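Asks: Please see the structure below; I have some questions.
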Amino acid sequence: MGKKILAVLGVFILIFVIAFASIFWLVSSANKERGNNEEILKSSQSSKKALVVYQPSVSGVSTKIAYQIAEGLNDGGYEVTLNYPGDHLSADITAYSIVVFGTPTFGAHPVTVLADYMKKVTDYSSSKVVLFSTGANPEGKELDEMEELLNTSAYKKVKFKIGTKENEAEAYDLGKALSKE
């Protein structure tokens with residue numbers, strides 16, 4: 001009987017270690033700087049510019065949301081620059097009238113690499129700042145934490161809950177609406 005209990009206990013410990021290691025890997029992977037991934041969606045309609053800075057998530061949801069917002073802005077007449085946060089990005093965002101920051105969340109916090117970039121930017125006065133997050137927690141406290149990094153109020157804060165089929169359409173509509181405001 002004692003050997004069975006030890007075997008079961010050993011299995012539970014192994015499962016716990018694997019689960020902890022998986023969570024650690026997910027969080028550290030999400031917080032890793034990904035380098036320069038600049039993509040520009042050109043517009044022939046106007047000279048208005050938007051910047052979308054987002055950290056990709058393991059699931060790919062943050063990337064899909066960022067691209068849909070960018071497509072909506074682009075279809076609304078904006079030239080849109082998309083990129084990952086990091087040291088490769090200039091902290092001077094004054095050329096952009098709309099700046100979107102996006103993050104996957106773990107434990108209701110934005111990823112560190114995006115927060116670090118947001119802290120480097122000192123002048124948000126020429127831009128409408130939009131914040132979005134993706135994750136399972138519906139409360140979106142990470143958006144408030146992101147807003148605290150700004151020296152101004154966010155123009156909009158939007159939480160996209162993972163697993164919602166309407167996310168991409170809502171993200172596109174958000175970009176399109178921003179282009180008209």
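By convention here, the chains of the structure tokens are called A, B, ... in the order presented, each chain's residues are numbered starting at 1, and ligands are numbered starting at 1 in the order presented.
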For region 168-171 of chain A, list every protein, DNA or RNA residue within 9 Å, evaluated using only C-alpha atoms, and leave out those in the same chain fewer than 6 positions away; present the list as a PDB file with C-alpha atoms, in the first residue's frame.
Replies:
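Writing the result to part_17.pdb gives the following:
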```
ATOM      1  CA  VAL A  61      -3.919  35.940 -31.114  1.00  0.00           C
ATOM      2  CA  LYS A  64      -3.978  38.616 -35.504  1.00  0.00           C
ATOM      3  CA  ILE A  65      -5.529  41.449 -33.488  1.00  0.00           C
ATOM      4  CA  ALA A  66      -2.651  43.842 -34.293  1.00  0.00           C
ATOM      5  CA  TYR A  67      -2.920  43.101 -38.007  1.00  0.00           C
ATOM      6  CA  GLN A  68      -6.687  43.517 -38.047  1.00  0.00           C
ATOM      7  CA  ILE A  69      -6.455  46.901 -36.311  1.00  0.00           C
ATOM      8  CA  ALA A  70      -3.747  47.872 -38.817  1.00  0.00           C
ATOM      9  CA  GLY A  72      -8.828  48.785 -40.509  1.00  0.00           C
ATOM     10  CA  PHE A 160      -9.796  40.905 -26.552  1.00  0.00           C
TER      11      PHE A 160
END
```
Asks: Based on the backbone DSSP call, show me all residues of chain A assigned alpha helix (DSSP H), as an MDAnalysis selection string.
Replies: chainID A and resid 2:30 61:75 112:120 141:148 167:180
Asks: Those selected residues, please, written with C-alpha atoms and delivered as a compact mmCIF listing (two decimals), in the first residue's frame.
Replies:
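Wrote result09.txt, looks like this:
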```
# COMPACT_ATOMS: atom_id res chain seq x y z
CA GLY A 2 2.84 2.42 0.85
CA LYS A 3 4.50 1.90 -2.54
CA LYS A 4 1.27 2.82 -4.36
CA ILE A 5 0.96 6.06 -2.39
CA LEU A 6 4.58 6.94 -3.15
CA ALA A 7 4.06 6.16 -6.84
CA VAL A 8 0.91 8.32 -7.00
CA LEU A 9 2.66 11.11 -5.08
CA GLY A 10 5.61 10.88 -7.49
CA VAL A 11 3.27 11.20 -10.48
CA PHE A 12 1.58 14.28 -8.96
CA ILE A 13 4.96 15.89 -8.27
CA LEU A 14 6.07 15.17 -11.84
CA ILE A 15 2.86 16.69 -13.24
CA PHE A 16 3.34 19.76 -11.02
CA VAL A 17 6.95 20.21 -12.18
CA ILE A 18 5.96 19.88 -15.85
CA ALA A 19 3.07 22.35 -15.41
CA PHE A 20 5.31 24.86 -13.61
CA ALA A 21 8.02 24.52 -16.28
CA SER A 22 5.43 25.03 -19.04
CA ILE A 23 4.05 28.17 -17.42
CA PHE A 24 7.58 29.50 -16.86
CA TRP A 25 8.41 28.84 -20.54
CA LEU A 26 5.23 30.62 -21.72
CA VAL A 27 5.85 33.70 -19.60
CA SER A 28 9.55 33.96 -20.44
CA SER A 29 8.82 33.41 -24.13
CA ALA A 30 6.20 36.16 -24.14
CA VAL A 61 -3.92 35.94 -31.11
CA SER A 62 -2.07 39.20 -30.39
CA THR A 63 -0.58 39.19 -33.89
CA LYS A 64 -3.98 38.62 -35.50
CA ILE A 65 -5.53 41.45 -33.49
CA ALA A 66 -2.65 43.84 -34.29
CA TYR A 67 -2.92 43.10 -38.01
CA GLN A 68 -6.69 43.52 -38.05
CA ILE A 69 -6.45 46.90 -36.31
CA ALA A 70 -3.75 47.87 -38.82
CA GLU A 71 -5.89 46.73 -41.77
CA GLY A 72 -8.83 48.79 -40.51
CA LEU A 73 -6.62 51.86 -40.12
CA ASN A 74 -5.06 51.27 -43.53
CA ASP A 75 -8.44 50.84 -45.22
CA THR A 112 7.75 43.45 -19.79
CA VAL A 113 9.30 44.15 -23.20
CA LEU A 114 6.31 46.28 -24.24
CA ALA A 115 6.15 48.06 -20.87
CA ASP A 116 9.87 48.88 -21.15
CA TYR A 117 9.37 50.38 -24.61
CA MET A 118 6.35 52.40 -23.47
CA LYS A 119 8.45 53.86 -20.63
CA LYS A 120 11.09 55.04 -23.15
CA LYS A 141 -6.49 45.22 -15.34
CA GLU A 142 -3.37 45.05 -17.48
CA LEU A 143 -4.79 47.89 -19.56
CA ASP A 144 -4.85 50.13 -16.49
CA GLU A 145 -1.27 49.13 -15.76
CA MET A 146 -0.30 50.01 -19.34
CA GLU A 147 -2.09 53.36 -19.07
CA GLU A 148 -0.05 54.20 -15.98
CA ASN A 167 -12.16 39.25 -32.06
CA GLU A 168 -10.71 39.79 -35.52
CA ALA A 169 -13.80 41.54 -36.87
CA GLU A 170 -13.97 43.73 -33.76
CA ALA A 171 -10.28 44.59 -34.13
CA TYR A 172 -10.75 45.55 -37.78
CA ASP A 173 -13.79 47.67 -36.87
CA LEU A 174 -11.75 49.36 -34.13
CA GLY A 175 -9.05 50.31 -36.64
CA LYS A 176 -11.62 51.52 -39.15
CA ALA A 177 -13.42 53.61 -36.49
CA LEU A 178 -10.13 55.14 -35.30
CA SER A 179 -9.36 56.22 -38.84
CA LYS A 180 -12.59 58.25 -38.92
```
Asks: Kindly provide the residues of region 130-161 of chain A that approach region 44-59 of chain A to within 12 Å, each paired with its closest atom pair and their distance in Å to one decimal, based on only C-alpha atoms, listed by chain and increasing number, as a Markdown table.
Replies:
```
| residue | atom | partner | partner_atom | distance |
| --- | --- | --- | --- | --- |
| A:Val130 | CA | A:Val52 | CA | 9.2 |
| A:Leu131 | CA | A:Tyr54 | CA | 9.7 |
| A:Phe132 | CA | A:Tyr54 | CA | 8.9 |
| A:Ser133 | CA | A:Tyr54 | CA | 9.3 |
| A:Thr134 | CA | A:Ser57 | CA | 8.5 |
| A:Gly135 | CA | A:Ser57 | CA | 9.4 |
| A:Ala136 | CA | A:Ser59 | CA | 11.8 |
```
Asks: In Å, with one decimal, what is the gap from CA of Asp92 (chain A) to CA of Tyr155 (chain A)?
Replies: 18.6 Å
Asks: CA of Asn83 (chain A) to CA of Phe106 (chain A): how many Å, to one decimal?
Replies: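 Those two atoms sit 20.9 Å apart.
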Asks: Mind giving me the straight-line distance from CA of Ser90 (chain A) to CA of Ala154 (chain A) in Å, one decimal?
Replies: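 Value for the CA of Ser90 (chain A)-CA of Ala154 (chain A) distance: 20.0 Å.
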